[in-house]
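Here's run.cif, which has mmCIF, C-alpha atoms:
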data_target
loop_
_atom_site.label_atom_id
_atom_site.label_comp_id
_atom_site.auth_asym_id
_atom_site.auth_seq_id
_atom_site.Cartn_x
_atom_site.Cartn_y
_atom_site.Cartn_z
CA LYS A 1 8.10 -18.57 5.76
CA ALA A 2 5.30 -16.91 7.72
CA GLY A 3 3.84 -13.74 6.29
CA VAL A 4 3.17 -10.42 7.97
CA THR A 5 0.84 -10.87 10.93
CA GLN A 6 -1.40 -8.12 12.22
CA THR A 7 -3.42 -8.26 15.39
CA PRO A 8 -6.18 -7.75 16.17
CA ARG A 9 -7.96 -8.21 12.84
CA TYR A 10 -11.11 -6.42 13.92
CA LEU A 11 -11.87 -4.09 16.77
CA ILE A 12 -14.55 -1.66 17.84
CA LYS A 13 -13.82 1.32 20.03
CA THR A 14 -15.68 4.41 21.14
CA ARG A 15 -14.66 8.02 20.70
CA GLY A 16 -12.04 9.15 23.16
CA GLN A 17 -10.58 5.70 23.73
CA GLN A 18 -7.14 4.64 22.58
CA VAL A 19 -6.06 1.63 20.57
CA THR A 20 -2.84 -0.30 20.01
CA LEU A 21 -2.28 -2.35 16.88
CA SER A 22 0.48 -4.89 16.46
CA CYS A 23 2.47 -6.03 13.45
CA SER A 24 4.92 -8.92 13.21
CA PRO A 25 6.99 -8.64 10.02
CA ILE A 26 8.40 -11.45 7.95
CA SER A 27 11.44 -12.94 9.63
CA GLY A 28 14.57 -11.05 8.59
CA HIS A 29 12.71 -7.94 7.46
CA ARG A 30 13.94 -4.80 9.17
CA SER A 31 11.51 -2.22 7.81
CA VAL A 32 7.90 -1.88 8.89
CA SER A 33 5.56 0.67 7.34
CA TRP A 34 2.04 1.56 8.39
CA TYR A 35 -0.77 2.80 6.16
CA GLN A 36 -4.32 3.92 6.84
CA GLN A 37 -6.86 2.97 4.19
CA THR A 38 -10.27 4.62 3.92
CA PRO A 39 -12.73 4.72 1.01
CA GLY A 40 -12.39 8.48 0.68
CA GLN A 41 -8.66 9.01 1.10
CA GLY A 42 -7.27 5.72 -0.12
CA LEU A 43 -3.95 4.53 1.29
CA GLN A 44 -2.31 7.18 3.41
CA PHE A 45 1.22 6.69 4.73
CA LEU A 46 1.52 6.86 8.52
CA PHE A 47 5.14 6.03 9.33
CA GLU A 48 8.06 3.74 8.59
CA TYR A 49 10.41 2.16 11.08
CA PHE A 50 13.76 0.65 10.21
CA SER A 51 15.95 -0.98 12.85
CA GLU A 52 13.90 0.61 15.67
CA THR A 53 14.24 4.13 14.23
CA GLN A 54 11.40 6.10 12.69
CA ARG A 55 12.55 6.88 9.17
CA ASN A 56 9.55 8.75 7.84
CA LYS A 57 6.29 10.10 9.13
CA GLY A 58 3.19 10.97 7.17
CA ASN A 59 0.90 13.93 7.65
CA PHE A 60 -1.08 12.67 10.63
CA PRO A 61 -1.70 14.35 14.00
CA GLY A 62 0.37 13.50 17.05
CA ARG A 63 -2.40 11.19 18.28
CA PHE A 64 -0.91 8.63 15.93
CA SER A 65 2.33 7.15 17.16
CA GLY A 66 4.35 4.02 16.70
CA ARG A 67 7.43 2.15 17.68
CA GLN A 68 9.53 -0.79 16.64
CA PHE A 69 11.15 -3.33 18.90
CA SER A 70 14.53 -5.00 18.61
CA ASN A 71 12.91 -8.08 17.05
CA SER A 72 11.42 -5.79 14.33
CA ARG A 73 7.88 -6.20 15.60
CA SER A 74 6.02 -2.91 15.51
CA GLU A 75 3.08 -1.34 17.25
CA MET A 76 1.06 1.73 16.44
CA ASN A 77 -1.10 3.61 18.86
CA VAL A 78 -3.95 6.00 18.29
CA SER A 79 -5.06 8.03 21.28
CA THR A 80 -8.28 9.98 21.79
CA LEU A 81 -10.03 8.19 18.96
CA GLU A 82 -12.27 10.13 16.59
CA LEU A 83 -14.98 8.84 14.26
CA GLY A 84 -12.73 9.63 11.31
CA ASP A 85 -10.12 7.18 12.55
CA SER A 86 -12.33 4.30 11.42
CA ALA A 87 -10.27 2.60 8.77
CA LEU A 88 -8.30 -0.43 7.71
CA TYR A 89 -4.78 -0.12 9.11
CA LEU A 90 -2.23 -1.97 7.04
CA CYS A 91 1.27 -2.92 8.01
CA ALA A 92 3.93 -3.84 5.48
CA SER A 93 7.43 -5.16 5.88
CA SER A 94 10.46 -5.20 3.62
CA THR A 95 14.07 -6.28 3.82
CA GLY A 96 15.49 -2.84 3.15
CA LEU A 97 13.94 0.59 3.21
CA ALA A 98 10.32 0.59 2.11
CA THR A 99 10.99 2.60 -1.04
CA SER A 100 13.70 0.29 -2.33
CA GLY A 101 11.63 -2.71 -3.30
CA GLU A 102 8.66 -4.95 -2.71
CA LEU A 103 6.43 -4.46 0.32
CA PHE A 104 4.78 -7.45 1.95
CA PHE A 105 1.46 -6.53 3.50
CA GLY A 106 -0.48 -8.04 6.34
CA GLU A 107 -4.24 -8.55 6.18
CA GLY A 108 -4.86 -5.40 8.17
CA SER A 109 -6.60 -4.37 11.35
CA ARG A 110 -10.08 -3.00 10.75
CA LEU A 111 -10.90 -0.36 13.34
CA THR A 112 -14.42 0.93 13.84
CA VAL A 113 -14.90 3.95 16.08
CA LEU A 114 -18.43 4.52 17.40
CA SER B 1 -1.05 14.14 -0.94
CA GLN B 2 -1.61 11.62 -3.74
CA GLN B 3 1.33 11.15 -6.03
CA GLY B 4 -0.21 8.57 -8.33
CA GLU B 5 -3.64 8.75 -9.88
CA GLU B 6 -5.11 5.65 -11.50
CA ASP B 7 -7.46 5.77 -14.43
CA PRO B 8 -10.15 4.57 -14.81
CA GLN B 9 -11.51 4.41 -11.27
CA ALA B 10 -13.57 1.35 -12.20
CA LEU B 11 -13.44 -1.12 -15.06
CA SER B 12 -15.81 -3.97 -15.93
CA ILE B 13 -14.91 -6.58 -18.52
CA GLN B 14 -15.72 -10.13 -19.55
CA GLU B 15 -13.45 -13.09 -18.95
CA GLY B 16 -10.90 -13.46 -21.69
CA GLU B 17 -10.73 -9.74 -22.45
CA ASN B 18 -7.71 -7.58 -21.73
CA ALA B 19 -7.75 -4.96 -18.98
CA THR B 20 -5.66 -1.81 -19.11
CA MET B 21 -5.15 0.52 -16.16
CA ASN B 22 -3.18 3.74 -16.19
CA CYS B 23 -1.28 5.62 -13.53
CA SER B 24 -0.08 9.19 -13.71
CA TYR B 25 2.24 10.79 -11.19
CA LYS B 26 3.56 14.26 -10.47
CA THR B 27 7.24 14.19 -9.55
CA SER B 28 10.26 12.27 -10.79
CA ILE B 29 10.55 8.78 -9.39
CA ASN B 30 13.11 6.06 -8.69
CA ASN B 31 10.66 3.24 -9.33
CA LEU B 32 6.98 2.49 -9.70
CA GLN B 33 5.18 -0.57 -8.40
CA TRP B 34 1.78 -2.14 -8.96
CA TYR B 35 -0.17 -3.92 -6.23
CA ARG B 36 -3.43 -5.86 -6.15
CA GLN B 37 -5.92 -5.89 -3.28
CA ASN B 38 -8.78 -8.31 -2.97
CA SER B 39 -11.75 -6.88 -1.12
CA GLY B 40 -10.78 -5.87 2.40
CA ARG B 41 -7.54 -7.83 2.36
CA GLY B 42 -3.88 -6.85 2.33
CA LEU B 43 -2.09 -5.72 -0.80
CA VAL B 44 -0.06 -8.11 -2.92
CA HIS B 45 2.93 -6.93 -4.92
CA LEU B 46 2.66 -7.53 -8.67
CA ILE B 47 5.60 -5.89 -10.37
CA LEU B 48 8.24 -3.18 -9.92
CA ILE B 49 9.62 -1.12 -12.79
CA ARG B 50 12.60 1.16 -12.36
CA SER B 51 12.86 4.63 -13.85
CA ASN B 52 15.40 3.47 -16.44
CA GLU B 53 13.14 0.67 -17.68
CA ARG B 54 10.37 1.07 -20.24
CA GLU B 55 8.56 -2.25 -20.10
CA LYS B 56 8.37 -5.35 -17.90
CA HIS B 57 6.44 -8.57 -18.13
CA SER B 58 5.32 -11.06 -15.52
CA GLY B 59 3.05 -13.85 -16.66
CA ARG B 60 -0.13 -12.23 -17.99
CA LEU B 61 0.96 -8.80 -16.74
CA ARG B 62 2.68 -6.16 -18.84
CA VAL B 63 3.76 -2.86 -17.33
CA THR B 64 5.05 0.13 -19.24
CA LEU B 65 6.63 3.29 -17.90
CA ASP B 66 6.94 6.61 -19.72
CA THR B 67 8.95 8.97 -17.52
CA SER B 68 8.61 11.83 -20.00
CA LYS B 69 4.84 11.71 -19.59
CA LYS B 70 5.04 10.66 -15.93
CA SER B 71 2.73 7.74 -16.56
CA SER B 72 2.57 3.97 -16.37
CA SER B 73 0.13 1.37 -17.57
CA LEU B 74 -0.73 -2.12 -16.36
CA LEU B 75 -2.12 -4.55 -18.91
CA ILE B 76 -3.69 -7.82 -17.78
CA THR B 77 -4.19 -10.14 -20.73
CA ALA B 78 -6.86 -12.83 -20.98
CA SER B 79 -8.55 -11.74 -17.76
CA ARG B 80 -10.09 -14.26 -15.38
CA ALA B 81 -12.77 -13.88 -12.73
CA ALA B 82 -9.99 -14.30 -10.14
CA ASP B 83 -8.43 -11.06 -11.39
CA THR B 84 -11.36 -9.15 -9.85
CA ALA B 85 -9.68 -6.81 -7.37
CA SER B 86 -8.46 -3.27 -6.87
CA TYR B 87 -5.15 -2.35 -8.46
CA PHE B 88 -2.87 0.35 -7.11
CA CYS B 89 0.21 2.02 -8.42
CA ALA B 90 2.81 3.13 -5.91
CA THR B 91 5.64 5.53 -6.59
CA ASP B 92 8.98 6.06 -4.93
CA PRO B 93 9.54 9.82 -5.35
CA ASN B 94 13.08 10.81 -6.09
CA GLN B 95 13.28 12.88 -2.91
CA ALA B 96 15.08 12.19 0.32
CA GLY B 97 12.93 11.26 3.29
CA THR B 98 9.84 10.26 1.33
CA ALA B 99 7.80 7.09 1.50
CA LEU B 100 6.14 4.87 -1.06
CA ILE B 101 3.01 6.72 -2.12
CA PHE B 102 -0.08 4.91 -3.36
CA GLY B 103 -2.77 6.08 -5.74
CA LYS B 104 -6.47 5.56 -5.06
CA GLY B 105 -6.68 2.52 -7.29
CA THR B 106 -8.67 1.04 -10.13
CA THR B 107 -11.41 -1.42 -9.24
CA LEU B 108 -11.51 -4.20 -11.82
CA SER B 109 -14.50 -6.49 -12.15
CA VAL B 110 -14.20 -9.52 -14.42
CA SER B 111 -17.41 -11.40 -15.08
CA SER B 112 -17.72 -14.92 -16.44
#
Entire entry expressed as structure tokens:
Amino acid sequence: KAGVTQTPRYLIKTRGQQVTLSCSPISGHRSVSWYQQTPGQGLQFLFEYFSETQRNKGNFPGRFSGRQFSNSRSEMNVSTLELGDSALYLCASSTGLATSGELFFGEGSRLTVL
Amino acid sequence: SQQGEEDPQALSIQEGENATMNCSYKTSINNLQWYRQNSGRGLVHLILIRSNEREKHSGRLRVTLDTSKKSSSLLITASRAADTASYFCATDPNQAGTALIFGKGTTLSVSS
């Protein structure tokens, strides 16, 4: 069974640009969660989608948005990039809601904002 | 805000020694999980312990949970160089509409 796939793995953007990150969950998994990981703040929860509906949202500005498609694939978008958005963005999938059991993580998308 | 706080932040040991990491949290929980992350990679689930459980084992891993003290510990016995990684606890707060919350992790270095 294929694992969680995140694309792209690495990307470099400049301030003010926008970026879209993609996550393909494990087949059959209906929940996709997104986390931002930085050395200073650790893993910060962005949002969780379950069956195309946003279930939870973390404490991030409106520049961060996401969506989930009918095939459970998910995308997150960050608009008007700031230097502080440089981070490893991790996607995780699970069969049920993210809090109910094991999360399966992708390898992450490392974003550098110059 | 951080729910779980791991202690110590960093730990260096020799191969064959045991490694103990602790996690403290603030609110009541449904379950607590431990994850491992190799440098710059995704997280890998290690073990989940529910609030009504006190101890769980998985191979060389032993996890305890003390809900009265709001704390958990992860013990890795007979450590190997391959255990070098960051270890995170994650809590499922017993509150509607919340997500799995991760601590900042313990960085374990095992030297041969």
Of the residues B:Arg54, B:Ser73, B:Lys104, B:Thr67, which is the one nearest to Phe88 in chain B, using only C-alpha atoms? B:Lys104
Please determine the contact residues of chain B with respect to chain A at a cut-off of 7 Å, counting all atoms listed in the file, and supply them as an MDAnalysis selection string. chainID B and resid 41:45 92 97:100 102 104
Give me the residues within 7 Å of Tyr49 in chain A as a PyMOL selection string, counting only C-alpha atoms and dropping any in the same chain fewer than 2 places off. chain A and resi 31-33+47+51-55+68
Using C-alpha atoms, can you write the selected residues to a file as an mmCIF file, keeping the file's coordinate frame?
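What ended up in selection-v8.cif:
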data_model
loop_
_atom_site.group_PDB
_atom_site.id
_atom_site.type_symbol
_atom_site.label_atom_id
_atom_site.label_comp_id
_atom_site.auth_asym_id
_atom_site.auth_seq_id
_atom_site.Cartn_x
_atom_site.Cartn_y
_atom_site.Cartn_z
ATOM 1 C CA SER A 31 11.510 -2.220 7.810
ATOM 2 C CA VAL A 32 7.900 -1.880 8.890
ATOM 3 C CA SER A 33 5.560 0.670 7.340
ATOM 4 C CA PHE A 47 5.140 6.030 9.330
ATOM 5 C CA SER A 51 15.950 -0.980 12.850
ATOM 6 C CA GLU A 52 13.900 0.610 15.670
ATOM 7 C CA THR A 53 14.240 4.130 14.230
ATOM 8 C CA GLN A 54 11.400 6.100 12.690
ATOM 9 C CA ARG A 55 12.550 6.880 9.170
ATOM 10 C CA GLN A 68 9.530 -0.790 16.640
#
Quick one: apply the PyMOL selection byres ((chain A and resi 5-15) around 10) to the file and drop the selected residues here as a ChimeraX atom specification. /A:2-4,16-26,73-75,79-86,88-92,105-114
For C-alpha atoms, I'd like the residues from the last selection saved as a short mmCIF file (atom, residue, chain, number, x, y, z; two decimals), in the frame of the given file.
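What landed in result03.cif:
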data_model
loop_
_atom_site.label_atom_id
_atom_site.label_comp_id
_atom_site.auth_asym_id
_atom_site.auth_seq_id
_atom_site.Cartn_x
_atom_site.Cartn_y
_atom_site.Cartn_z
CA ALA A 2 5.30 -16.91 7.72
CA GLY A 3 3.84 -13.74 6.29
CA VAL A 4 3.17 -10.42 7.97
CA GLY A 16 -12.04 9.15 23.16
CA GLN A 17 -10.58 5.70 23.73
CA GLN A 18 -7.14 4.64 22.58
CA VAL A 19 -6.06 1.63 20.57
CA THR A 20 -2.84 -0.30 20.01
CA LEU A 21 -2.28 -2.35 16.88
CA SER A 22 0.48 -4.89 16.46
CA CYS A 23 2.47 -6.03 13.45
CA SER A 24 4.92 -8.92 13.21
CA PRO A 25 6.99 -8.64 10.02
CA ILE A 26 8.40 -11.45 7.95
CA ARG A 73 7.88 -6.20 15.60
CA SER A 74 6.02 -2.91 15.51
CA GLU A 75 3.08 -1.34 17.25
CA SER A 79 -5.06 8.03 21.28
CA THR A 80 -8.28 9.98 21.79
CA LEU A 81 -10.03 8.19 18.96
CA GLU A 82 -12.27 10.13 16.59
CA LEU A 83 -14.98 8.84 14.26
CA GLY A 84 -12.73 9.63 11.31
CA ASP A 85 -10.12 7.18 12.55
CA SER A 86 -12.33 4.30 11.42
CA LEU A 88 -8.30 -0.43 7.71
CA TYR A 89 -4.78 -0.12 9.11
CA LEU A 90 -2.23 -1.97 7.04
CA CYS A 91 1.27 -2.92 8.01
CA ALA A 92 3.93 -3.84 5.48
CA PHE A 105 1.46 -6.53 3.50
CA GLY A 106 -0.48 -8.04 6.34
CA GLU A 107 -4.24 -8.55 6.18
CA GLY A 108 -4.86 -5.40 8.17
CA SER A 109 -6.60 -4.37 11.35
CA ARG A 110 -10.08 -3.00 10.75
CA LEU A 111 -10.90 -0.36 13.34
CA THR A 112 -14.42 0.93 13.84
CA VAL A 113 -14.90 3.95 16.08
CA LEU A 114 -18.43 4.52 17.40
#
Identify all residues satisfying the PyMOL selection byres ((chain B and resi 63) around 10) in the given file; provide them as an MDAnalysis selection string. chainID B and resid 20:22 32:34 46:49 54:58 61:62 64:65 72:76
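Residue nearest Gly4 in chain B within the list B:Ser71, B:Thr84, B:Gln95, B:Ser112: B:Ser71 [criterion: smallest interatomic distance, all atoms listed in the file].
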Which value, in Å to one decimal, gives the distance between CA of Ser93 in chain A and CA of Gly62 in chain A?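 One can read the CA of Ser93 in chain A to CA of Gly62 in chain A distance as 22.9 Å.
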Would you pick out the contacts of range 7-14 of chain B at 9 Å or less, using only C-alpha atoms, so that residues sharing its chain but fewer than 6 positions from it are not included, and give the list as a ChimeraX atom specification? /B:20-24,79-81,86,104-112
Those residues you just picked out, can you put them in a file as a tab-separated table (two decimals), keeping the file's coordinate frame with C-alpha atoms?
chain	number	residue	atom	x	y	z
B	20	THR	CA	-5.66	-1.81	-19.11
B	21	MET	CA	-5.15	0.52	-16.16
B	22	ASN	CA	-3.18	3.74	-16.19
B	23	CYS	CA	-1.28	5.62	-13.53
B	24	SER	CA	-0.08	9.19	-13.71
B	79	SER	CA	-8.55	-11.74	-17.76
B	80	ARG	CA	-10.09	-14.26	-15.38
B	81	ALA	CA	-12.77	-13.88	-12.73
B	86	SER	CA	-8.46	-3.27	-6.87
B	104	LYS	CA	-6.47	5.56	-5.06
B	105	GLY	CA	-6.68	2.52	-7.29
B	106	THR	CA	-8.67	1.04	-10.13
B	107	THR	CA	-11.41	-1.42	-9.24
B	108	LEU	CA	-11.51	-4.20	-11.82
B	109	SER	CA	-14.50	-6.49	-12.15
B	110	VAL	CA	-14.20	-9.52	-14.42
B	111	SER	CA	-17.41	-11.40	-15.08
B	112	SER	CA	-17.72	-14.92	-16.44
Nearest-residue call for Phe64 in chain A, choices A:Phe50, A:Gln36, A:Gly28, A:Ser94, using all atoms listed in the file: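 With all atoms listed in the file as the atom set, the closest residue is A:Gln36.
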Is it possible to get the residues within 8 Å of (4.6, 6.3, 17.4) (coordinates as in the file, counting only C-alpha atoms) written as a PyMOL selection string? chain A and resi 64-67+75-77
